[in-house]
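Okay, data.pdb is below, PDB, C-alpha atoms, pLDDT in the B column:
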ATOM      1  CA  MET A   1     -14.443 -51.231  -1.372  1.00 51.00           C
ATOM      2  CA  LYS A   2     -16.743 -49.603  -3.912  1.00 50.00           C
ATOM      3  CA  ARG A   3     -19.236 -48.611  -1.208  1.00 53.00           C
ATOM      4  CA  LEU A   4     -16.424 -47.195   0.923  1.00 44.00           C
ATOM      5  CA  LEU A   5     -15.091 -45.142  -1.993  1.00 41.00           C
ATOM      6  CA  ILE A   6     -18.558 -43.747  -2.684  1.00 43.00           C
ATOM      7  CA  GLY A   7     -18.888 -42.813   0.975  1.00 48.00           C
ATOM      8  CA  VAL A   8     -15.543 -41.023   0.991  1.00 40.00           C
ATOM      9  CA  LEU A   9     -16.455 -39.077  -2.161  1.00 38.00           C
ATOM     10  CA  ALA A  10     -19.772 -38.087  -0.587  1.00 44.00           C
ATOM     11  CA  LEU A  11     -18.004 -36.858   2.549  1.00 41.00           C
ATOM     12  CA  THR A  12     -15.534 -34.900   0.436  1.00 44.00           C
ATOM     13  CA  ALA A  13     -18.371 -33.253  -1.488  1.00 43.00           C
ATOM     14  CA  LEU A  14     -20.105 -32.300   1.757  1.00 41.00           C
ATOM     15  CA  THR A  15     -16.835 -30.883   3.074  1.00 45.00           C
ATOM     16  CA  LEU A  16     -16.276 -28.771  -0.026  1.00 44.00           C
ATOM     17  CA  GLY A  17     -19.838 -27.499   0.146  1.00 46.00           C
ATOM     18  CA  ALA A  18     -19.497 -26.535   3.782  1.00 43.00           C
ATOM     19  CA  THR A  19     -16.182 -24.781   3.089  1.00 44.00           C
ATOM     20  CA  ALA A  20     -17.707 -22.800   0.219  1.00 45.00           C
ATOM     21  CA  ARG A  21     -20.583 -21.637   2.409  1.00 45.00           C
ATOM     22  CA  ALA A  22     -18.094 -20.583   5.092  1.00 44.00           C
ATOM     23  CA  ASN A  23     -16.542 -18.007   2.752  1.00 91.00           C
ATOM     24  CA  VAL A  24     -19.301 -15.594   3.785  1.00 95.00           C
ATOM     25  CA  VAL A  25     -18.347 -14.694   7.342  1.00 96.00           C
ATOM     26  CA  SER A  26     -19.826 -12.493  10.046  1.00 96.00           C
ATOM     27  CA  VAL A  27     -17.972 -11.083  13.046  1.00 97.00           C
ATOM     28  CA  ASP A  28     -19.665  -8.703  15.502  1.00 98.00           C
ATOM     29  CA  GLY A  29     -22.422  -8.202  12.917  1.00 98.00           C
ATOM     30  CA  VAL A  30     -19.962  -7.212  10.173  1.00 98.00           C
ATOM     31  CA  THR A  31     -20.545  -9.552   7.215  1.00 97.00           C
ATOM     32  CA  TRP A  32     -18.486 -10.026   4.048  1.00 97.00           C
ATOM     33  CA  ASP A  33     -17.365 -12.643   1.531  1.00 96.00           C
ATOM     34  CA  THR A  34     -13.703 -13.593   1.932  1.00 96.00           C
ATOM     35  CA  ASP A  35     -13.704 -14.771  -1.704  1.00 94.00           C
ATOM     36  CA  HIS A  36     -14.992 -11.449  -3.071  1.00 94.00           C
ATOM     37  CA  PRO A  37     -12.722 -10.036  -5.828  1.00 93.00           C
ATOM     38  CA  LEU A  38     -12.217  -6.893  -3.712  1.00 93.00           C
ATOM     39  CA  ASP A  39     -11.750  -8.712  -0.425  1.00 95.00           C
ATOM     40  CA  PHE A  40     -11.251  -7.016   1.969  1.00 96.00           C
ATOM     41  CA  THR A  41     -11.711  -3.448   0.786  1.00 97.00           C
ATOM     42  CA  MET A  42     -12.900  -0.902   3.346  1.00 97.00           C
ATOM     43  CA  GLN A  43     -13.800   2.632   2.290  1.00 98.00           C
ATOM     44  CA  GLY A  44     -14.690   5.331   4.759  1.00 98.00           C
ATOM     45  CA  SER A  45     -14.913   8.980   5.674  1.00 98.00           C
ATOM     46  CA  LEU A  46     -12.163  10.152   7.981  1.00 97.00           C
ATOM     47  CA  PHE A  47     -11.296  13.120  10.126  1.00 98.00           C
ATOM     48  CA  GLU A  48      -7.987  13.952  11.746  1.00 96.00           C
ATOM     49  CA  SER A  49      -6.366  16.461  14.009  1.00 94.00           C
ATOM     50  CA  ASN A  50      -4.086  19.068  12.484  1.00 89.00           C
ATOM     51  CA  ILE A  51      -0.512  18.897  13.811  1.00 89.00           C
ATOM     52  CA  ASP A  52       2.416  21.223  13.297  1.00 84.00           C
ATOM     53  CA  THR A  53       5.467  19.970  15.194  1.00 92.00           C
ATOM     54  CA  VAL A  54       7.668  16.861  15.214  1.00 96.00           C
ATOM     55  CA  GLY A  55       6.699  14.843  18.284  1.00 97.00           C
ATOM     56  CA  ASP A  56       2.994  15.694  17.992  1.00 96.00           C
ATOM     57  CA  THR A  57       0.452  12.863  17.972  1.00 98.00           C
ATOM     58  CA  VAL A  58      -2.055  12.853  15.139  1.00 97.00           C
ATOM     59  CA  GLU A  59      -5.504  11.421  15.806  1.00 98.00           C
ATOM     60  CA  ILE A  60      -7.538   9.921  12.954  1.00 98.00           C
ATOM     61  CA  TRP A  61     -11.130   8.793  13.340  1.00 98.00           C
ATOM     62  CA  GLY A  62     -14.011   8.023  11.028  1.00 98.00           C
ATOM     63  CA  LEU A  63     -16.916   5.955   9.773  1.00 98.00           C
ATOM     64  CA  VAL A  64     -16.768   2.984   7.386  1.00 98.00           C
ATOM     65  CA  ASN A  65     -19.161   3.446   4.463  1.00 98.00           C
ATOM     66  CA  GLN A  66     -18.501   0.364   2.339  1.00 98.00           C
ATOM     67  CA  VAL A  67     -16.949  -3.085   2.596  1.00 98.00           C
ATOM     68  CA  ASN A  68     -16.202  -4.873  -0.674  1.00 96.00           C
ATOM     69  CA  ALA A  69     -18.134  -2.131  -2.533  1.00 95.00           C
ATOM     70  CA  SER A  70     -21.303  -2.789  -0.517  1.00 96.00           C
ATOM     71  CA  GLY A  71     -22.968  -0.560   2.021  1.00 97.00           C
ATOM     72  CA  ALA A  72     -24.980  -3.485   3.445  1.00 96.00           C
ATOM     73  CA  PHE A  73     -22.222  -4.990   5.580  1.00 97.00           C
ATOM     74  CA  CYS A  74     -23.350  -4.059   9.090  1.00 96.00           C
ATOM     75  CA  SER A  75     -26.475  -5.718  10.505  1.00 93.00           C
ATOM     76  CA  GLY A  76     -27.892  -7.445  13.551  1.00 93.00           C
ATOM     77  CA  ILE A  77     -26.013  -6.235  16.619  1.00 96.00           C
ATOM     78  CA  CYS A  78     -23.868  -3.965  14.444  1.00 97.00           C
ATOM     79  CA  THR A  79     -25.317  -0.505  13.842  1.00 97.00           C
ATOM     80  CA  GLU A  80     -22.162   1.134  12.423  1.00 98.00           C
ATOM     81  CA  LEU A  81     -18.468   0.374  11.963  1.00 98.00           C
ATOM     82  CA  THR A  82     -16.072   3.097  13.091  1.00 98.00           C
ATOM     83  CA  PHE A  83     -12.316   3.453  13.467  1.00 98.00           C
ATOM     84  CA  TYR A  84      -9.815   5.362  15.546  1.00 98.00           C
ATOM     85  CA  ALA A  85      -6.067   5.678  14.892  1.00 98.00           C
ATOM     86  CA  SER A  86      -3.106   7.574  16.245  1.00 98.00           C
ATOM     87  CA  ALA A  87       0.563   8.013  15.316  1.00 98.00           C
ATOM     88  CA  VAL A  88       3.504  10.181  16.339  1.00 98.00           C
ATOM     89  CA  LEU A  89       5.191  12.518  13.831  1.00 98.00           C
ATOM     90  CA  ALA A  90       8.862  11.436  13.886  1.00 98.00           C
ATOM     91  CA  SER A  91      10.235  13.664  11.127  1.00 97.00           C
ATOM     92  CA  ALA A  92       9.203  16.089   8.384  1.00 95.00           C
ATOM     93  CA  MET A  93      11.392  16.967   5.387  1.00 95.00           C
ATOM     94  CA  ASP A  94      11.361  17.269   1.613  1.00 95.00           C
ATOM     95  CA  THR A  95      12.968  13.887   1.012  1.00 95.00           C
ATOM     96  CA  ASP A  96      12.361  13.594  -2.740  1.00 92.00           C
ATOM     97  CA  GLY A  97      13.067  17.244  -3.621  1.00 93.00           C
ATOM     98  CA  ASP A  98       9.648  17.924  -5.172  1.00 92.00           C
ATOM     99  CA  GLY A  99       8.973  20.931  -2.975  1.00 91.00           C
ATOM    100  CA  ASN A 100       6.409  19.123  -0.829  1.00 92.00           C
ATOM    101  CA  LEU A 101       6.901  18.289   2.832  1.00 93.00           C
ATOM    102  CA  ASP A 102       7.178  14.537   3.461  1.00 96.00           C
ATOM    103  CA  LEU A 103       5.915  13.270   6.818  1.00 96.00           C
ATOM    104  CA  TYR A 104       7.097  10.170   8.684  1.00 98.00           C
ATOM    105  CA  PHE A 105       5.091   8.719  11.568  1.00 98.00           C
ATOM    106  CA  VAL A 106       5.785   5.944  14.093  1.00 98.00           C
ATOM    107  CA  ASP A 107       3.769   4.192  16.834  1.00 98.00           C
ATOM    108  CA  LEU A 108       0.776   3.787  14.503  1.00 98.00           C
ATOM    109  CA  THR A 109      -2.253   1.950  15.891  1.00 98.00           C
ATOM    110  CA  VAL A 110      -5.668   1.492  14.260  1.00 98.00           C
ATOM    111  CA  SER A 111      -8.785   0.044  15.883  1.00 98.00           C
ATOM    112  CA  PHE A 112     -12.160  -0.749  14.317  1.00 98.00           C
ATOM    113  CA  TYR A 113     -15.299  -0.879  16.451  1.00 98.00           C
ATOM    114  CA  ALA A 114     -18.649  -2.466  15.672  1.00 98.00           C
ATOM    115  CA  ASP A 115     -21.011  -0.127  17.475  1.00 97.00           C
ATOM    116  CA  THR A 116     -24.025  -1.840  19.052  1.00 95.00           C
ATOM    117  CA  ASP A 117     -25.924   1.044  20.665  1.00 92.00           C
ATOM    118  CA  GLY A 118     -27.137   2.963  17.627  1.00 90.00           C
ATOM    119  CA  ALA A 119     -25.585   5.053  14.883  1.00 92.00           C
ATOM    120  CA  ASP A 120     -24.180   7.858  17.033  1.00 94.00           C
ATOM    121  CA  PHE A 121     -20.916   8.753  15.263  1.00 97.00           C
ATOM    122  CA  ASP A 122     -20.140  12.486  15.528  1.00 97.00           C
ATOM    123  CA  PHE A 123     -17.119  13.782  13.613  1.00 96.00           C
ATOM    124  CA  MET A 124     -16.671  16.528  16.202  1.00 96.00           C
ATOM    125  CA  ASP A 125     -16.174  13.945  18.963  1.00 97.00           C
ATOM    126  CA  PRO A 126     -13.451  11.280  18.388  1.00 97.00           C
ATOM    127  CA  THR A 127     -14.699   9.236  21.349  1.00 97.00           C
ATOM    128  CA  THR A 128     -17.828   8.325  19.362  1.00 97.00           C
ATOM    129  CA  ALA A 129     -15.542   6.345  17.029  1.00 98.00           C
ATOM    130  CA  GLN A 130     -14.180   4.273  19.930  1.00 97.00           C
ATOM    131  CA  ASP A 131     -17.248   2.565  21.377  1.00 95.00           C
ATOM    132  CA  GLY A 132     -18.645  -0.880  20.681  1.00 97.00           C
ATOM    133  CA  LEU A 133     -17.085  -4.293  20.120  1.00 98.00           C
ATOM    134  CA  LEU A 134     -13.400  -4.331  19.141  1.00 98.00           C
ATOM    135  CA  PHE A 135     -13.758  -5.780  15.648  1.00 98.00           C
ATOM    136  CA  LEU A 136     -10.107  -5.448  14.603  1.00 98.00           C
ATOM    137  CA  GLU A 137      -6.921  -3.968  16.021  1.00 98.00           C
ATOM    138  CA  LEU A 138      -3.894  -3.240  13.826  1.00 98.00           C
ATOM    139  CA  ALA A 139      -0.394  -1.878  14.333  1.00 98.00           C
ATOM    140  CA  GLY A 140       1.803  -0.035  11.867  1.00 98.00           C
ATOM    141  CA  HIS A 141       4.171  -2.271   9.895  1.00 98.00           C
ATOM    142  CA  ALA A 142       7.725  -0.895   9.971  1.00 97.00           C
ATOM    143  CA  ASP A 143       8.768  -0.044   6.420  1.00 97.00           C
ATOM    144  CA  VAL A 144      11.132   2.220   4.464  1.00 96.00           C
ATOM    145  CA  GLU A 145      10.341   4.893   1.906  1.00 94.00           C
ATOM    146  CA  GLY A 146      12.730   7.473   0.484  1.00 90.00           C
ATOM    147  CA  GLY A 147      15.439   5.945   2.630  1.00 93.00           C
ATOM    148  CA  VAL A 148      13.537   6.795   5.823  1.00 96.00           C
ATOM    149  CA  GLY A 149      12.029   4.210   8.123  1.00 97.00           C
ATOM    150  CA  ALA A 150       8.510   4.760   9.468  1.00 98.00           C
ATOM    151  CA  GLU A 151       5.064   3.152   9.780  1.00 98.00           C
ATOM    152  CA  LEU A 152       2.904   5.877   8.245  1.00 98.00           C
ATOM    153  CA  PHE A 153       4.100   7.992   5.323  1.00 97.00           C
ATOM    154  CA  GLY A 154       2.465  11.260   4.337  1.00 96.00           C
ATOM    155  CA  GLU A 155       2.970  14.259   2.101  1.00 95.00           C
ATOM    156  CA  ILE A 156       1.651  17.807   2.260  1.00 93.00           C
ATOM    157  CA  THR A 157       0.530  18.539  -1.295  1.00 89.00           C
ATOM    158  CA  GLY A 158      -1.224  21.855  -0.734  1.00 82.00           C
ATOM    159  CA  LEU A 159      -0.540  25.155   0.977  1.00 65.00           C
ATOM    160  CA  ILE A 160      -0.731  25.324   4.734  1.00 62.00           C
ATOM    161  CA  LEU A 161      -3.861  27.313   5.512  1.00 56.00           C
ATOM    162  CA  ALA A 162      -3.556  29.297   8.717  1.00 56.00           C
ATOM    163  CA  GLY A 163      -6.047  28.149  11.343  1.00 57.00           C
ATOM    164  CA  LEU A 164      -7.582  25.500   9.089  1.00 67.00           C
ATOM    165  CA  GLY A 165      -4.841  22.989   8.307  1.00 77.00           C
ATOM    166  CA  ASP A 166      -3.169  21.283   5.364  1.00 86.00           C
ATOM    167  CA  GLU A 167      -4.089  19.095   2.437  1.00 91.00           C
ATOM    168  CA  GLY A 168      -2.248  15.956   1.423  1.00 94.00           C
ATOM    169  CA  GLU A 169      -2.170  12.190   1.514  1.00 96.00           C
ATOM    170  CA  GLY A 170      -0.956   9.290   3.614  1.00 97.00           C
ATOM    171  CA  HIS A 171      -0.278   5.579   3.194  1.00 98.00           C
ATOM    172  CA  GLY A 172       1.340   2.586   4.840  1.00 98.00           C
ATOM    173  CA  LEU A 173       1.082  -1.061   5.840  1.00 98.00           C
ATOM    174  CA  LEU A 174      -0.613  -2.643   8.822  1.00 98.00           C
ATOM    175  CA  ASP A 175      -0.327  -5.857  10.845  1.00 98.00           C
ATOM    176  CA  ALA A 176      -3.408  -7.391  12.470  1.00 98.00           C
ATOM    177  CA  VAL A 177      -2.724  -7.802  16.194  1.00 98.00           C
ATOM    178  CA  GLY A 178      -6.075  -8.164  17.957  1.00 98.00           C
ATOM    179  CA  GLY A 179      -9.843  -7.912  17.895  1.00 98.00           C
ATOM    180  CA  ASP A 180     -12.633 -10.411  17.320  1.00 98.00           C
ATOM    181  CA  ALA A 181     -11.789 -10.751  13.595  1.00 98.00           C
ATOM    182  CA  LEU A 182      -8.036 -11.263  14.106  1.00 98.00           C
ATOM    183  CA  ALA A 183      -7.948 -14.852  12.815  1.00 97.00           C
ATOM    184  CA  LEU A 184      -9.443 -13.807   9.460  1.00 98.00           C
ATOM    185  CA  PHE A 185      -7.075 -10.874   8.897  1.00 98.00           C
ATOM    186  CA  ASP A 186      -3.750 -12.315  10.108  1.00 98.00           C
ATOM    187  CA  THR A 187      -2.743 -13.601   6.653  1.00 97.00           C
ATOM    188  CA  ASN A 188       0.687 -12.000   5.952  1.00 97.00           C
ATOM    189  CA  THR A 189       0.037 -11.527   2.226  1.00 96.00           C
ATOM    190  CA  ILE A 190       1.484  -8.064   1.420  1.00 97.00           C
ATOM    191  CA  LEU A 191       5.237  -7.762   0.828  1.00 96.00           C
ATOM    192  CA  ASP A 192       6.743  -4.593   2.276  1.00 96.00           C
ATOM    193  CA  ASN A 193       9.093  -2.202   0.461  1.00 94.00           C
ATOM    194  CA  GLN A 194      12.100  -3.782   2.136  1.00 91.00           C
ATOM    195  CA  GLY A 195      11.244  -7.136   0.613  1.00 91.00           C
ATOM    196  CA  THR A 196      11.921  -8.845   3.920  1.00 88.00           C
ATOM    197  CA  GLY A 197       8.534  -8.980   5.619  1.00 95.00           C
ATOM    198  CA  PHE A 198       4.833  -9.344   5.015  1.00 97.00           C
ATOM    199  CA  ALA A 199       1.973  -7.204   6.306  1.00 98.00           C
ATOM    200  CA  ASP A 200      -1.752  -7.968   6.496  1.00 98.00           C
ATOM    201  CA  CYS A 201      -3.263  -4.773   5.058  1.00 98.00           C
ATOM    202  CA  ASN A 202      -2.342  -1.616   3.190  1.00 97.00           C
ATOM    203  CA  PHE A 203      -4.128   1.703   3.396  1.00 98.00           C
ATOM    204  CA  THR A 204      -4.269   5.104   1.741  1.00 98.00           C
ATOM    205  CA  THR A 205      -5.790   8.364   2.929  1.00 97.00           C
ATOM    206  CA  SER A 206      -6.386  11.858   1.615  1.00 96.00           C
ATOM    207  CA  PHE A 207      -7.067  14.931   3.708  1.00 94.00           C
ATOM    208  CA  GLN A 208      -7.858  18.620   3.391  1.00 93.00           C
ATOM    209  CA  PRO A 209      -9.261  21.380   5.620  1.00 92.00           C
ATOM    210  CA  SER A 210     -12.770  20.646   6.837  1.00 91.00           C
ATOM    211  CA  GLY A 211     -13.754  24.228   7.571  1.00 88.00           C
ATOM    212  CA  VAL A 212     -13.538  23.505  11.292  1.00 90.00           C
ATOM    213  CA  ASP A 213     -10.407  24.751  13.041  1.00 86.00           C
ATOM    214  CA  ASP A 214      -7.764  22.044  13.579  1.00 87.00           C
ATOM    215  CA  ILE A 215      -9.871  19.237  12.051  1.00 94.00           C
ATOM    216  CA  LEU A 216      -9.031  17.860   8.620  1.00 95.00           C
ATOM    217  CA  THR A 217     -11.401  15.702   6.592  1.00 96.00           C
ATOM    218  CA  GLY A 218     -10.958  13.211   3.791  1.00 97.00           C
ATOM    219  CA  THR A 219     -11.325   9.602   2.751  1.00 97.00           C
ATOM    220  CA  GLY A 220      -9.563   6.379   3.633  1.00 97.00           C
ATOM    221  CA  GLU A 221      -9.270   2.978   2.026  1.00 98.00           C
ATOM    222  CA  MET A 222      -7.866  -0.214   3.504  1.00 98.00           C
ATOM    223  CA  LEU A 223      -7.222  -3.392   1.527  1.00 98.00           C
ATOM    224  CA  CYS A 224      -6.608  -6.799   3.122  1.00 98.00           C
ATOM    225  CA  ASP A 225      -6.739 -10.399   1.926  1.00 96.00           C
ATOM    226  CA  THR A 226      -8.913 -12.167   4.483  1.00 97.00           C
ATOM    227  CA  GLU A 227      -9.394 -15.909   4.791  1.00 93.00           C
ATOM    228  CA  ALA A 228     -12.376 -17.834   6.094  1.00 85.00           C
ATOM    229  CA  VAL A 229     -11.677 -19.956   9.160  1.00 75.00           C
ATOM    230  CA  PRO A 230     -13.026 -23.526   8.592  1.00 66.00           C
ATOM    231  CA  GLU A 231     -16.163 -24.234  10.579  1.00 55.00           C
ATOM    232  CA  PRO A 232     -15.940 -27.133  13.071  1.00 53.00           C
ATOM    233  CA  ALA A 233     -18.369 -29.185  10.977  1.00 45.00           C
ATOM    234  CA  SER A 234     -16.239 -28.687   7.875  1.00 47.00           C
ATOM    235  CA  ALA A 235     -13.089 -29.738   9.698  1.00 46.00           C
ATOM    236  CA  LEU A 236     -14.874 -32.820  11.058  1.00 45.00           C
ATOM    237  CA  LEU A 237     -16.109 -33.865   7.635  1.00 45.00           C
ATOM    238  CA  LEU A 238     -12.663 -33.394   6.152  1.00 45.00           C
ATOM    239  CA  GLY A 239     -11.174 -35.526   8.911  1.00 48.00           C
ATOM    240  CA  LEU A 240     -13.726 -38.285   8.313  1.00 46.00           C
ATOM    241  CA  GLY A 241     -12.950 -38.190   4.609  1.00 48.00           C
ATOM    242  CA  LEU A 242      -9.237 -38.607   5.270  1.00 45.00           C
ATOM    243  CA  LEU A 243      -9.919 -41.462   7.661  1.00 46.00           C
ATOM    244  CA  GLY A 244     -12.026 -43.126   4.990  1.00 50.00           C
ATOM    245  CA  LEU A 245      -9.210 -42.861   2.480  1.00 45.00           C
ATOM    246  CA  ALA A 246      -6.796 -44.334   5.009  1.00 48.00           C
ATOM    247  CA  GLY A 247      -9.183 -47.229   5.643  1.00 51.00           C
ATOM    248  CA  LEU A 248      -9.579 -47.845   1.916  1.00 45.00           C
ATOM    249  CA  ARG A 249      -5.830 -47.973   1.433  1.00 48.00           C
ATOM    250  CA  LYS A 250      -5.439 -50.395   4.365  1.00 50.00           C
ATOM    251  CA  LYS A 251      -8.193 -52.702   3.078  1.00 50.00           C
ATOM    252  CA  ARG A 252      -6.638 -52.774  -0.367  1.00 48.00           C
TER     253      ARG A 252
END
Could I get this structure in the form of structure tokens?
Amino acid sequence: MKRLLIGVLALTALTLGATARANVVSVDGVTWDTDHPLDFTMQGSLFESNIDTVGDTVEIWGLVNQVNASGAFCSGICTELTFYASAVLASAMDTDGDGNLDLYFVDLTVSFYADTDGADFDFMDPTTAQDGLLFLELAGHADVEGGVGAELFGEITGLILAGLGDEGEGHGLLDAVGGDALALFDTNTILDNQGTGFADCNFTTSFQPSGVDDILTGTGEMLCDTEAVPEPASALLLGLGLLGLAGLRKKR
């Protein structure tokens, strides 16, 4: 019985060690630690089309610069991590009475791509943000703000500059729905404003005229709580440990 107990403890220790090592994950060449204090924080440069009318579709594209405060997250087959998003402007009004125009978008989708054919992102060409392996696909999480339902909420905080665009900010929640990293991001850890549902990520953006007609520029940040998926070896060791405990109890 003593030898069996020692064996079970050894298997448990091996299992815990394997699980700890698995907290550093790599998908499509994108590597990060799911136990990092900032996990998963993505910061990037973004560009977006300037829109003027309800019913217009805004396009947002850009390049990820940091993951968990590190610029060394893309290696091997991954040469750069880019993103492309779109949403439809459903309504625009001064909901809170502060004199700024509040924007409400629906049909929000966001896709991240691990590019494998060289760092060729060009902010003038949104298609360069849509090539490579589909690392992660997200959809807007339906929420409510200011009594209005939407998936992406924005506000124009500066004057509309003729021919150049606006300045302002945007934010919202996202649900992971696809991509090679789906299993790590589908965690349902962020409570929405309605208090009835959970999203996987939240994001914030800022934008202002870029100097190029009809293209805005700014920054974006996305925060998610990712979880490492147990490696097969770890799951096997854990199973053996449980079987050992069952055998010990039966023998006793």
For atom CA of Glu167 of chain A and atom CA of Gly218 of chain A, quote the distance in Å rounded to one decimal.
9.1 Å
Convert the output of the PyMOL selection byres ((chain A and resi 76) around 10) on the shown file into explicit residues, formatted as a VMD selection string.
chain A and resid 28 to 31 74 to 75 77 to 79 116
Which is closest to Ser26 of chain A among A:Phe135, A:Tyr104, A:Met222, A:Thr157, if we use only C-alpha atoms?
A:Phe135
Which residues, named as in the file, does the PyMOL selection byres ((chain A and resi 186-192) around 8) pick out? Answer as a ChimeraX atom specification.
/A:143,173,175-177,182-185,193-202,225-227
Once the PyMOL selection byres ((chain A and resi 134) around 7) is applied to the coordinates I shared, what remains selected? I want it as a PyMOL selection string.
chain A and resi 112-114+132-133+135-136+179-180
If you keep C-alpha atoms, can you produce a file of those selected residues as a PDB file, keeping the file's coordinate frame?
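Contents of the output file part.pdb:
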ATOM      1  CA  PHE A 112     -12.160  -0.749  14.317  1.00 98.00           C
ATOM      2  CA  TYR A 113     -15.299  -0.879  16.451  1.00 98.00           C
ATOM      3  CA  ALA A 114     -18.649  -2.466  15.672  1.00 98.00           C
ATOM      4  CA  GLY A 132     -18.645  -0.880  20.681  1.00 97.00           C
ATOM      5  CA  LEU A 133     -17.085  -4.293  20.120  1.00 98.00           C
ATOM      6  CA  PHE A 135     -13.758  -5.780  15.648  1.00 98.00           C
ATOM      7  CA  LEU A 136     -10.107  -5.448  14.603  1.00 98.00           C
ATOM      8  CA  GLY A 179      -9.843  -7.912  17.895  1.00 98.00           C
ATOM      9  CA  ASP A 180     -12.633 -10.411  17.320  1.00 98.00           C
TER      10      ASP A 180
END
I want to know what sits within 9 Å of Ser210 of chain A, based on all atoms listed in the file, with residues of the same chain fewer than 4 positions away left out; could you give that as a list in words?
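Near Ser210 of chain A, the qualifying residues are Phe47, Leu164, Gly165, Asp214, Ile215, Leu216, Thr217 and Gly218 of chain A.
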Here atom CA of Leu46 of chain A and atom CA of Val24 of chain A stand apart by 27.0 Å
Work out how far apart atom CA of Ala69 of chain A and atom CA of Gly44 of chain A are and give it in Å to one decimal.
11.0 Å
Could you check which of A:Ser86, A:Thr95, A:Gln130, A:Ser111 is closest to Glu48 of chain A, using all atoms listed in the file?
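Smallest distance to Glu48 of chain A is found for A:Ser86.
Using all atoms listed in the file, the smallest distance between any of A:Ala181, A:Ala119, A:Leu223, A:Leu103 and Glu137 of chain A comes from A:Ala181.
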Give me the residues within 8 Å of Val25 of chain A as a PyMOL selection string, counting only C-alpha atoms and dropping any in the same chain fewer than 3 places off.
chain A and resi 22+31-34+228
Top pick for closest residue to Leu101 of chain A, considering A:Glu80, A:Asp35, A:Asp52, A:Glu221 and counting only C-alpha atoms:
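Of all the options, A:Asp52 lies closest to Leu101 of chain A.
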With distances taken over all atoms listed in the file, which of A:Met124, A:Ala139, A:Val67, A:Val148 is nearest to Asp96 of chain A?
A:Val148
Looking at A:Ser70, A:Gly97, A:Asp125, A:Leu152, which one is nearest to Val58 of chain A, with distances taken over all atoms listed in the file?
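Of all the options, A:Leu152 lies closest to Val58 of chain A.
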Any chance you could tabulate, as a tab-separated table, the residues of segment 52-132 of chain A at most 6 Å from segment 37-43 of chain A with each one's nearest atom pair and distance in Å to one decimal, using only C-alpha atoms, in chain and rising number order?
residue	atom	partner	partner_atom	distance
A:Val64	CA	A:Gln43	CA	5.9
A:Asn65	CA	A:Gln43	CA	5.8
A:Gln66	CA	A:Gln43	CA	5.2
A:Val67	CA	A:Met42	CA	4.7
A:Asn68	CA	A:Thr41	CA	4.9
